[in-house]
Structure formats: C-alpha cells, structure tokens
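To be precise, the following lines are protein_18.pdb, and they hold PDB, C-alpha atoms.
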ATOM      1  CA  MET A 399      19.649 -15.327 -24.210
ATOM      2  CA  THR A 400      22.740 -15.081 -26.336
ATOM      3  CA  PRO A 401      24.665 -11.852 -25.864
ATOM      4  CA  GLY A 402      24.730  -9.775 -28.989
ATOM      5  CA  PRO A 403      27.156  -7.222 -30.315
ATOM      6  CA  ALA A 404      27.252  -3.743 -28.885
ATOM      7  CA  THR A 405      27.821  -0.686 -30.952
ATOM      8  CA  LEU A 406      29.882   2.045 -29.399
ATOM      9  CA  ILE A 407      30.012   5.432 -30.996
ATOM     10  CA  GLY A 408      33.430   6.857 -30.243
ATOM     11  CA  PRO A 409      33.860  10.285 -28.732
ATOM     12  CA  HIS A 410      34.315  13.350 -30.869
ATOM     13  CA  GLN A 411      34.002  11.310 -34.006
ATOM     14  CA  ARG A 412      30.551   9.793 -33.925
ATOM     15  CA  LYS A 413      32.148   6.787 -35.511
ATOM     16  CA  ARG A 414      30.613   3.440 -34.822
ATOM     17  CA  ILE A 415      32.860   0.934 -33.190
ATOM     18  CA  THR A 416      31.619  -2.550 -32.588
ATOM     19  CA  LYS A 417      32.613  -4.709 -29.733
ATOM     20  CA  PRO A 418      31.006  -7.768 -28.222
ATOM     21  CA  THR A 419      28.993  -7.387 -25.073
ATOM     22  CA  SER A 420      29.865  -9.263 -21.984
ATOM     23  CA  ARG A 421      27.390 -10.687 -19.533
ATOM     24  CA  SER A 422      26.304  -7.987 -17.130
ATOM     25  CA  GLY A 423      25.299  -8.544 -13.582
ATOM     26  CA  TYR A 424      21.718  -7.658 -14.345
ATOM     27  CA  GLY A 425      21.009  -9.382 -17.594
ATOM     28  CA  THR A 426      22.306  -9.860 -21.113
ATOM     29  CA  GLY A 427      21.151  -8.820 -24.483
ATOM     30  CA  ARG A 428      21.837  -6.598 -27.375
ATOM     31  CA  LEU A 429      22.834  -3.145 -26.256
ATOM     32  CA  VAL A 430      23.348  -0.101 -28.367
ATOM     33  CA  MET A 431      25.651   2.276 -26.577
ATOM     34  CA  HIS A 432      26.327   5.826 -27.531
ATOM     35  CA  GLU A 433      29.057   8.004 -26.191
ATOM     36  CA  GLU A 434      28.347  11.695 -26.249
ATOM     37  CA  SER A 435      31.114  13.753 -27.724
ATOM     38  CA  GLY A 436      32.152  16.619 -25.510
ATOM     39  CA  VAL A 437      30.541  15.060 -22.448
ATOM     40  CA  GLY A 438      33.569  13.220 -21.220
ATOM     41  CA  SER A 439      33.125   9.604 -20.401
ATOM     42  CA  SER A 440      29.375   9.500 -20.086
ATOM     43  CA  LEU A 441      27.629   6.616 -21.781
ATOM     44  CA  LYS A 442      24.048   6.181 -22.813
ATOM     45  CA  PHE A 443      22.540   2.884 -23.692
ATOM     46  CA  SER A 444      19.160   1.649 -24.671
ATOM     47  CA  LEU A 445      17.594  -1.694 -25.212
ATOM     48  CA  HIS A 446      17.603  -2.780 -28.805
ATOM     49  CA  PRO A 447      14.111  -3.196 -30.217
ATOM     50  CA  SER A 448      14.980  -6.715 -31.282
ATOM     51  CA  LEU A 449      14.737  -7.962 -27.704
ATOM     52  CA  GLY A 450      11.774 -10.245 -27.350
ATOM     53  CA  MET A 451       9.298 -10.562 -24.515
ATOM     54  CA  GLY A 452      10.730 -13.934 -23.602
ATOM     55  CA  SER A 453      13.926 -12.289 -22.513
ATOM     56  CA  GLY A 454      12.288 -10.943 -19.401
ATOM     57  CA  LEU A 455      13.482  -7.494 -20.348
ATOM     58  CA  ARG A 456      11.155  -4.599 -20.920
ATOM     59  CA  ILE A 457      11.601  -3.226 -24.388
ATOM     60  CA  GLY A 458      12.230   0.476 -24.513
ATOM     61  CA  THR A 459      12.771   0.910 -20.785
ATOM     62  CA  ALA A 460      15.896   1.231 -18.725
ATOM     63  CA  THR A 461      15.343  -1.548 -16.251
ATOM     64  CA  ILE A 462      18.490  -3.318 -17.359
ATOM     65  CA  LEU A 463      21.749  -1.718 -16.370
ATOM     66  CA  ARG A 464      25.096  -2.269 -17.958
ATOM     67  CA  LYS A 465      27.938  -1.423 -15.632
ATOM     68  CA  GLN A 466      30.887  -0.037 -17.501
ATOM     69  CA  THR A 467      34.263  -0.772 -15.995
ATOM     70  CA  ASN A 468      36.087   1.730 -18.164
ATOM     71  CA  THR A 469      33.830   4.707 -17.540
ATOM     72  CA  THR A 470      32.895   6.776 -14.561
ATOM     73  CA  LEU A 471      29.133   6.996 -15.159
ATOM     74  CA  ASN A 472      26.328   4.462 -15.386
ATOM     75  CA  VAL A 473      23.664   6.083 -17.507
ATOM     76  CA  VAL A 474      20.201   4.747 -18.248
ATOM     77  CA  LYS A 475      17.412   5.986 -20.486
ATOM     78  CA  ILE A 476      13.972   6.026 -18.966
ATOM     79  CA  GLN A 477      10.993   6.120 -21.266
ATOM     80  CA  ILE A 478       8.278   3.785 -20.024
ATOM     81  CA  LEU A 479       6.918   4.573 -16.575
ATOM     82  CA  ASN A 480       4.219   2.888 -14.552
ATOM     83  CA  LYS A 481       1.241   4.806 -15.924
ATOM     84  CA  TYR A 482       2.777   6.895 -18.674
ATOM     85  CA  LYS A 483       5.152   6.666 -21.564
ATOM     86  CA  LEU A 484       7.535   9.517 -22.214
ATOM     87  CA  LEU A 485       7.666  10.918 -25.709
ATOM     88  CA  LYS A 486      11.333  11.624 -25.205
ATOM     89  CA  PRO A 487      13.504   9.430 -22.976
ATOM     90  CA  LEU A 488      15.024  10.941 -19.877
ATOM     91  CA  ASP A 489      18.609  10.207 -18.973
ATOM     92  CA  ALA A 490      19.500   9.136 -15.466
ATOM     93  CA  ILE A 491      22.750   8.300 -13.751
ATOM     94  CA  VAL A 492      22.860   5.355 -11.365
ATOM     95  CA  ASP A 493      25.596   5.239  -8.738
ATOM     96  CA  PRO A 494      26.287   3.339  -5.556
ATOM     97  CA  ASP A 495      25.370   5.425  -2.531
ATOM     98  CA  ASP A 496      26.519   4.276   0.892
ATOM     99  CA  GLY A 497      25.212   0.752   0.786
ATOM    100  CA  GLY A 498      22.422   1.366  -1.692
ATOM    101  CA  PHE A 499      22.015   2.964  -5.087
ATOM    102  CA  ILE A 500      20.825   6.340  -6.253
ATOM    103  CA  ALA A 501      19.349   7.061  -9.665
ATOM    104  CA  ARG A 502      19.477  10.752 -10.528
ATOM    105  CA  SER A 503      17.745  12.414 -13.445
ATOM    106  CA  ILE A 504      20.076  14.578 -15.485
ATOM    107  CA  ASP A 505      17.340  16.868 -16.758
ATOM    108  CA  LEU A 506      15.064  17.132 -13.740
ATOM    109  CA  PRO A 507      15.714  17.730 -10.022
ATOM    110  CA  LEU A 508      14.623  14.200  -9.176
ATOM    111  CA  TYR A 509      16.256  11.110  -7.773
ATOM    112  CA  GLY A 510      15.326   7.662  -6.559
ATOM    113  CA  TYR A 511      17.039   5.595  -3.909
ATOM    114  CA  GLY A 512      16.982   1.835  -3.547
ATOM    115  CA  ASP A 513      18.816  -1.159  -2.220
ATOM    116  CA  ASP A 514      19.708  -2.141  -5.756
ATOM    117  CA  PRO A 515      19.876  -0.280  -9.101
ATOM    118  CA  THR A 516      16.523  -1.600 -10.263
ATOM    119  CA  GLU A 517      14.804  -0.369  -7.138
ATOM    120  CA  ALA A 518      16.519   3.014  -7.460
ATOM    121  CA  VAL A 519      15.408   3.382 -11.086
ATOM    122  CA  GLN A 520      11.861   2.352 -10.156
ATOM    123  CA  ALA A 521      11.831   4.929  -7.361
ATOM    124  CA  LEU A 522      12.965   7.564  -9.851
ATOM    125  CA  LYS A 523      10.199   6.538 -12.245
ATOM    126  CA  ASN A 524       7.695   6.980  -9.416
ATOM    127  CA  GLU A 525       9.096  10.453  -8.784
ATOM    128  CA  ILE A 526       8.856  11.397 -12.453
ATOM    129  CA  GLU A 527       5.201  10.393 -12.545
ATOM    130  CA  SER A 528       4.494  12.163  -9.278
ATOM    131  CA  LEU A 529       6.090  15.360 -10.557
ATOM    132  CA  TYR A 530       4.127  15.119 -13.792
ATOM    133  CA  ASP A 531       0.861  14.741 -11.885
ATOM    134  CA  ASP A 532       1.779  17.797  -9.802
ATOM    135  CA  LEU A 533       2.625  19.839 -12.898
ATOM    136  CA  MET A 534      -0.705  18.971 -14.453
ATOM    137  CA  THR A 535      -2.736  20.222 -11.493
ATOM    138  CA  ASP A 536      -2.164  23.920 -12.119
ATOM    139  CA  ASP A 537       0.470  26.500 -13.142
ATOM    140  CA  ASN A 538       1.326  27.635  -9.653
ATOM    141  CA  PHE A 539       5.063  27.113 -10.011
ATOM    142  CA  THR A 540       8.063  29.390  -9.987
ATOM    143  CA  ASP A 541      10.651  27.849 -12.260
ATOM    144  CA  ILE A 542       9.816  24.316 -13.293
ATOM    145  CA  ILE A 543       7.823  25.110 -16.378
ATOM    146  CA  HIS A 544      10.668  23.817 -18.505
ATOM    147  CA  ALA A 545      10.134  20.438 -16.925
ATOM    148  CA  LYS A 546       6.763  20.193 -18.619
ATOM    149  CA  ARG A 547       8.529  20.014 -21.942
ATOM    150  CA  GLU A 548      10.472  16.983 -20.806
ATOM    151  CA  ILE A 549       7.472  14.962 -19.787
ATOM    152  CA  SER A 550       4.483  14.457 -21.980
ATOM    153  CA  TYR A 551       1.702  12.061 -21.415
ATOM    154  CA  ALA A 552       1.381   9.582 -24.221
TER     155      ALA A 552
ATOM    156  CA  MET B 292      31.186   7.123  -9.527
ATOM    157  CA  ILE B 293      30.480  10.765  -8.773
ATOM    158  CA  ILE B 294      33.023  12.205  -6.373
ATOM    159  CA  LEU B 295      31.450  14.173  -3.539
ATOM    160  CA  PRO B 296      33.430  16.739  -1.553
ATOM    161  CA  ILE B 297      34.894  15.464   1.668
ATOM    162  CA  SER B 298      33.846  18.524   3.578
ATOM    163  CA  SER B 299      31.439  19.282   6.334
ATOM    164  CA  MET B 300      28.667  17.131   4.909
ATOM    165  CA  GLN B 301      26.670  16.206   7.965
ATOM    166  CA  ASN B 302      24.752  13.330   6.450
ATOM    167  CA  GLY B 303      26.162  10.909   9.001
ATOM    168  CA  LYS B 304      24.388  12.634  11.864
ATOM    169  CA  TYR B 305      20.888  12.344  10.555
ATOM    170  CA  HIS B 306      18.146   9.900   9.763
ATOM    171  CA  THR B 307      15.951  10.637   6.757
ATOM    172  CA  LEU B 308      13.110  11.245   9.187
ATOM    173  CA  ASP B 309      15.211  14.055  10.717
ATOM    174  CA  VAL B 310      15.330  15.690   7.308
ATOM    175  CA  LYS B 311      11.597  15.280   6.911
ATOM    176  CA  LYS B 312      10.956  16.781  10.351
ATOM    177  CA  ARG B 313      13.258  19.724   9.682
ATOM    178  CA  CYS B 314      11.500  20.438   6.363
ATOM    179  CA  GLU B 315       8.106  20.232   8.041
ATOM    180  CA  ASP B 316       9.077  22.474  10.960
ATOM    181  CA  LYS B 317      11.166  25.091   9.190
ATOM    182  CA  LEU B 318       9.747  25.165   5.686
ATOM    183  CA  ASP B 319       6.194  24.090   6.458
ATOM    184  CA  ILE B 320       6.405  21.394   3.801
ATOM    185  CA  LYS B 321       3.479  19.000   3.778
ATOM    186  CA  PHE B 322       4.804  15.609   2.780
ATOM    187  CA  ARG B 323       2.796  13.036   0.894
ATOM    188  CA  SER B 324       3.490   9.415   1.538
ATOM    189  CA  GLY B 325       4.068   7.095  -1.373
ATOM    190  CA  SER B 326       7.065   4.931  -2.069
ATOM    191  CA  GLU B 327       8.987   7.907  -0.698
ATOM    192  CA  PHE B 328       8.002  11.122   1.092
ATOM    193  CA  ASN B 329       7.810  14.138  -1.173
ATOM    194  CA  GLY B 330       6.460  17.624  -0.770
ATOM    195  CA  TRP B 331       6.623  21.180  -2.045
ATOM    196  CA  PHE B 332       8.078  24.316  -0.511
ATOM    197  CA  TRP B 333       5.792  27.251  -1.207
ATOM    198  CA  LEU B 334       7.224  30.702  -1.794
ATOM    199  CA  ASP B 335       4.979  33.722  -2.290
ATOM    200  CA  GLY B 336       2.041  31.504  -3.032
ATOM    201  CA  LYS B 337       3.851  29.390  -5.637
ATOM    202  CA  ARG B 338       5.531  26.014  -5.542
ATOM    203  CA  ALA B 339       9.251  26.806  -5.527
ATOM    204  CA  ALA B 340      11.042  23.572  -4.641
ATOM    205  CA  ARG B 341      10.102  19.932  -4.477
ATOM    206  CA  VAL B 342      11.971  17.667  -2.091
ATOM    207  CA  THR B 343      11.984  13.895  -1.831
ATOM    208  CA  VAL B 344      12.930  12.124   1.376
ATOM    209  CA  PRO B 345      13.531   8.364   1.244
ATOM    210  CA  LYS B 346      11.986   6.256   3.933
ATOM    211  CA  GLY B 347      13.986   4.707   6.720
ATOM    212  CA  ARG B 348      17.645   5.489   6.051
ATOM    213  CA  LYS B 349      20.202   6.267   8.733
ATOM    214  CA  PRO B 350      22.646   7.699   8.166
ATOM    215  CA  VAL B 351      21.404   9.576   5.143
ATOM    216  CA  PRO B 352      23.489   8.366   2.189
ATOM    217  CA  ARG B 353      25.861  10.984   0.857
ATOM    218  CA  GLY B 354      24.496  11.129  -2.665
ATOM    219  CA  THR B 355      20.951  11.293  -1.334
ATOM    220  CA  TYR B 356      21.903  14.058   1.088
ATOM    221  CA  SER B 357      23.420  16.176  -1.663
ATOM    222  CA  SER B 358      20.437  15.446  -3.926
ATOM    223  CA  MET B 359      18.047  16.731  -1.280
ATOM    224  CA  ALA B 360      20.148  19.890  -0.958
ATOM    225  CA  LYS B 361      19.993  20.295  -4.722
ATOM    226  CA  GLN B 362      16.228  19.839  -4.710
ATOM    227  CA  LEU B 363      15.940  22.610  -2.142
ATOM    228  CA  LYS B 364      18.193  24.670  -4.410
ATOM    229  CA  ILE B 365      20.877  25.235  -1.797
ATOM    230  CA  SER B 366      24.459  24.065  -1.386
ATOM    231  CA  VAL B 367      25.393  21.113   0.793
ATOM    232  CA  HIS B 368      26.979  23.572   3.239
ATOM    233  CA  ASP B 369      23.712  25.527   3.493
ATOM    234  CA  PHE B 370      21.825  22.254   3.852
ATOM    235  CA  ASP B 371      24.137  21.313   6.726
ATOM    236  CA  GLU B 372      23.214  24.580   8.402
ATOM    237  CA  PHE B 373      19.558  23.958   7.645
ATOM    238  CA  MET B 374      19.791  20.619   9.423
ATOM    239  CA  ASP B 375      21.961  21.938  12.259
ATOM    240  CA  CYS B 376      19.528  24.817  12.854
ATOM    241  CA  PRO B 377      21.474  28.013  11.980
ATOM    242  CA  LEU B 378      19.700  28.341   8.637
ATOM    243  CA  THR B 379      16.322  29.838   9.379
ATOM    244  CA  LEU B 380      13.334  30.110   7.073
ATOM    245  CA  GLU B 381      14.134  33.745   6.480
ATOM    246  CA  LYS B 382      17.704  32.964   5.479
ATOM    247  CA  TYR B 383      16.515  30.147   3.200
ATOM    248  CA  ILE B 384      14.078  32.464   1.437
ATOM    249  CA  LYS B 385      16.825  35.033   1.097
ATOM    250  CA  ILE B 386      19.028  32.451  -0.639
ATOM    251  CA  LEU B 387      16.251  31.516  -3.059
ATOM    252  CA  LYS B 388      15.474  35.145  -3.863
ATOM    253  CA  ALA B 389      19.157  35.829  -4.492
ATOM    254  CA  LYS B 390      19.030  33.054  -7.103
ATOM    255  CA  GLY B 391      16.057  34.675  -8.756
ATOM    256  CA  ILE B 392      13.557  32.026  -7.718
TER     257      ILE B 392
END

Produce structure tokens that represent the structure in this file.
Amino acid sequence: MTPGPATLIGPHQRKRITKPTSRSGYGTGRLVMHEESGVGSSLKFSLHPSLGMGSGLRIGTATILRKQTNTTLNVVKIQILNKYKLLKPLDAIVDPDDGGFIARSIDLPLYGYGDDPTEAVQALKNEIESLYDDLMTDDNFTDIIHAKREISYA
Amino acid sequence: MIILPISSMQNGKYHTLDVKKRCEDKLDIKFRSGSEFNGWFWLDGKRAARVTVPKGRKPVPRGTYSSMAKQLKISVHDFDEFMDCPLTLEKYIKILKAKGI
C-alpha cells in the first residue's frame, strides 16, 4: 500500500495542515489526524474510508496505531467491536506499560492490557462489550448510567 | 507517555492474582473469567465499581496498577493500603461514600 497524505488540524486554529505520512510500525495508509484545541498535545486519528479491504486494515476501527514522535499521547478511536458497532467512537490512549501496552478509555473506566498495542486495544474492546452486556442486564448501578449514553448497540 | 508518580506505588510487590485474591477476600468481588478477570463491587445492593484484573502478570505493570485503583475509585496510595492490608472493607466503603457513590 502506498502511504497517503495525512491531514493535521493545528491546535487552537482548526486549520488544516497537510503533511505526508511516514511508514508506521504497524501499517501504512491514509490517516486523517485531528488535534484537539485546548487539549494539549493529544492527537486523534481514524482510518480514512478510502482504505480497501485488500489493505488488511479494518475500515472504521482503531486496530492500526500511528505512533507520534512529536506528541506525548497515542490516541485511537474505537468504533467496531467484536459483536457490536458503536454509534459514536470511543477514544482510547495506548501507552507502553512495563514491558507491555495498556489501552485506556478516556470516557469510561476501562482498560485493556496486552503484549503489543493491538492486543491491548482488543482487550479494551472486550471490556467495552462486557460492560455493555452488564449495563443491559438491569439498572442496578450507582453511577455508571452516563456510560450507557456512550455505548449503543447498532 | 503518561508520567506516573514515583511514590509508594507498590505494584512491584504483587502479582495480578494477588490483586484478584485481595478483591475477592476484602470486597467479596466475584470475578468472571474471560480474556481477563473482571467483576463488580456491590454497595448497598447496587453495582458500584467494576474492576478488571489481567491474567498472569508479575509484577503488576504500573499503568495497570493505577488503572485498577481508578476502577475501584480510590487513589493509588489507598490502593497500596488495600493491597498491604491496612485498608479494610469498612474504610473502603467510607471512601466511596465520601465521594458520593
């Protein structure tokens, strides 16, 4: 696959800045990156819909990670799980963690641990689904009702 | 890279199974086995906190250790005490109630 251009929205300005992608350790492709203004150096990226099935990448999911050397956070968007598809993507941060990797949801008190980033993200996806199944059993919860808004079965 | 405090974090002393055992003994959490162990802490008849314990890690990685503390809604320091034994069930419930949970 030929690497495509990446679009970076600069901080505080929401101005698009283009720069070519470089080959990542986990795959190449067209990435659209967005930098949140007011959130420091955090980056979000998502797979461009133009990626084809032949690329081996899953369209719309966050199984491909782009490690940024000039930022402090590796952020992925998770939308397609094993059984479900989220109506709204969830953001997760992936970091090295003492020999492995940890993927932590920003919006939910969930994390996944793995020997590599892909495994950590997959573990987090499993946790998201497990939490959703728990939330759907009954309303016997103290303070996680807001989490129901983040996850919707599609 | 998220910078974690270089404080009394006791993650190096424990295996993830130690965390699981402590949660089972002190908090009466019933863990389900899937790709990871996870279970709920019940407070006043309601699910109050959900904790995930990875399988087979010693020592417990630092980020994972702090994430488990966060899932139990306590600080890393309180989680250290929970693991070391000074934090009893009654004290844990008191912390949760003080947070309005």

Hey, what comes out of the ChimeraX specification (/B :<8) & /A on this file? Could you write it as a PyMOL selection string? chain A and resi 470-471+493-497+500+507-509+511+521+524+538-541

Enumerate, as a ChimeraX atom specification, the residues matched when the PyMOL selection byres ((chain B and resi 371) around 10) is run on the file above. /B:299-302,356-357,360,365-370,372-378

In Å, with one decimal, what is the gap from CA of Leu318 in chain B to CA of Ile384 in chain B?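 Interatomic distance here is 9.5 Å.
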
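For the atom pair formed by CA of Leu522 in chain A and CA of Asp537 in chain A, the distance is 22.9 Å, given to one decimal.
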
Selected residue of minimal separation from Asp514 in chain A among A:Ala501, A:Ile478, A:Leu484, A:Leu529, counting only C-alpha atoms: A:Ala501

Quick one: residues within 7 Å of Ala490 in chain A, all atoms listed in the file, excluding same-chain residues fewer than 5 positions away - as a list of chain:residue names? A:Val473, A:Val474, A:Lys475, A:Ala501, A:Arg502, A:Ser503, A:Ile504

Return as AutoDock Vina command-line options the box centre and box size in Å, one decimal, for an axis-aligned box around all listed atoms of range 522-529 of chain A padded by 5 Å per side.
--center_x 8.7 --center_y 10.9 --center_z -10.7 --size_x 18.5 --size_y 18.8 --size_z 13.8
